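A.B. asks: Sending over a structure as structure tokens; questions will come in a sec.
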Amino acid sequence: KSDQRELRGLRPLESVEAQAIGVLRTNCISCHQGAKAAKGRMFFKEDGSVGEIDWEAVTREVMLDRMPKKGKPLAKADKELLFDRLTRR
């Protein structure tokens, strides 16, 4: 199946997920890691491994520029990647 997706121009879900997690790691880990994660949304555990990610909530907050609260809104390409991850469950 992944060969067919690549032929149609779609990235495999595993690749999209890894890239989306990279976006979160770069932009969200400072507030959403461990037991003291903002609003209890722990995307990353204390050791840095991936926790529970509510992709719908993440994508909504990012698309509405409500997150990240610190710094600039995410780049359009990063937003599109998160949306791609959400819609390809």
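If you're wondering about the labels, chains in the structure tokens are A, B, ... by order shown, residues count from 1 in each chain, ligands from 1 in order shown.
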With only C-alpha atoms as the counted atoms, please give the residues lying no more than 8 Å from A:Lys45, apart from itself and same-chain residues fewer than 5 positions off, as an NGL selection string.

C.D. replies: :A and (33-35 or 50-51)

A.B. asks: For the structure I just gave you, how does DSSP split stretch 36-75 of chain A - specifically, which residues are helix (DSSP H, G or I)? Reply as a list in words.

C.D. replies: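 The helix (DSSP H, G or I) subset of stretch 36-75 of chain A is Ala38, Lys39, Gly40, Trp55, Glu56, Ala57, Val58, Thr59, Arg60, Glu61, Val62 and Met63 of chain A.
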
A.B. asks: Ranking A:Glu17, A:Asp65, A:Asp54, A:Asp84 by minimum distance to A:Gly40 and counting only C-alpha atoms, which one comes first?

C.D. replies: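 Answer, going by the shortest atom-to-atom distance: A:Asp54.
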
A.B. asks: Take atom CA of A:Glu56 and atom CA of A:Leu86 and report the distance between them in Å, one decimal.

C.D. replies: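 Separation between atom CA of A:Glu56 and atom CA of A:Leu86: 6.2 Å.
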
A.B. asks: List as a ChimeraX atom specification the protein and nucleic acid residues near A:Arg25, meaning an atom at most 9 Å away when only C-alpha atoms are counted, but skip any in the same chain fewer than 5 places from it.

C.D. replies: /A:20,30,43-44,48

A.B. asks: Please, could you write that set of residues out with C-alpha atoms as a PDB file, in the first residue's frame?

C.D. replies:
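Contents of the output file again30.pdb:
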ATOM      1  CA  ALA A  20       4.205  15.747  12.892  1.00  0.00           C
ATOM      2  CA  SER A  30       8.650  23.077  26.566  1.00  0.00           C
ATOM      3  CA  PHE A  43       2.438  15.122  24.458  1.00  0.00           C
ATOM      4  CA  PHE A  44       5.799  13.935  25.767  1.00  0.00           C
ATOM      5  CA  GLY A  48      11.009  12.671  26.150  1.00  0.00           C
TER       6      GLY A  48
END

A.B. asks: Would you mind reading off the distance between atom CA of A:Lys39 and atom CA of A:Asp78, one decimal, in Å?

C.D. replies: 22.4 Å
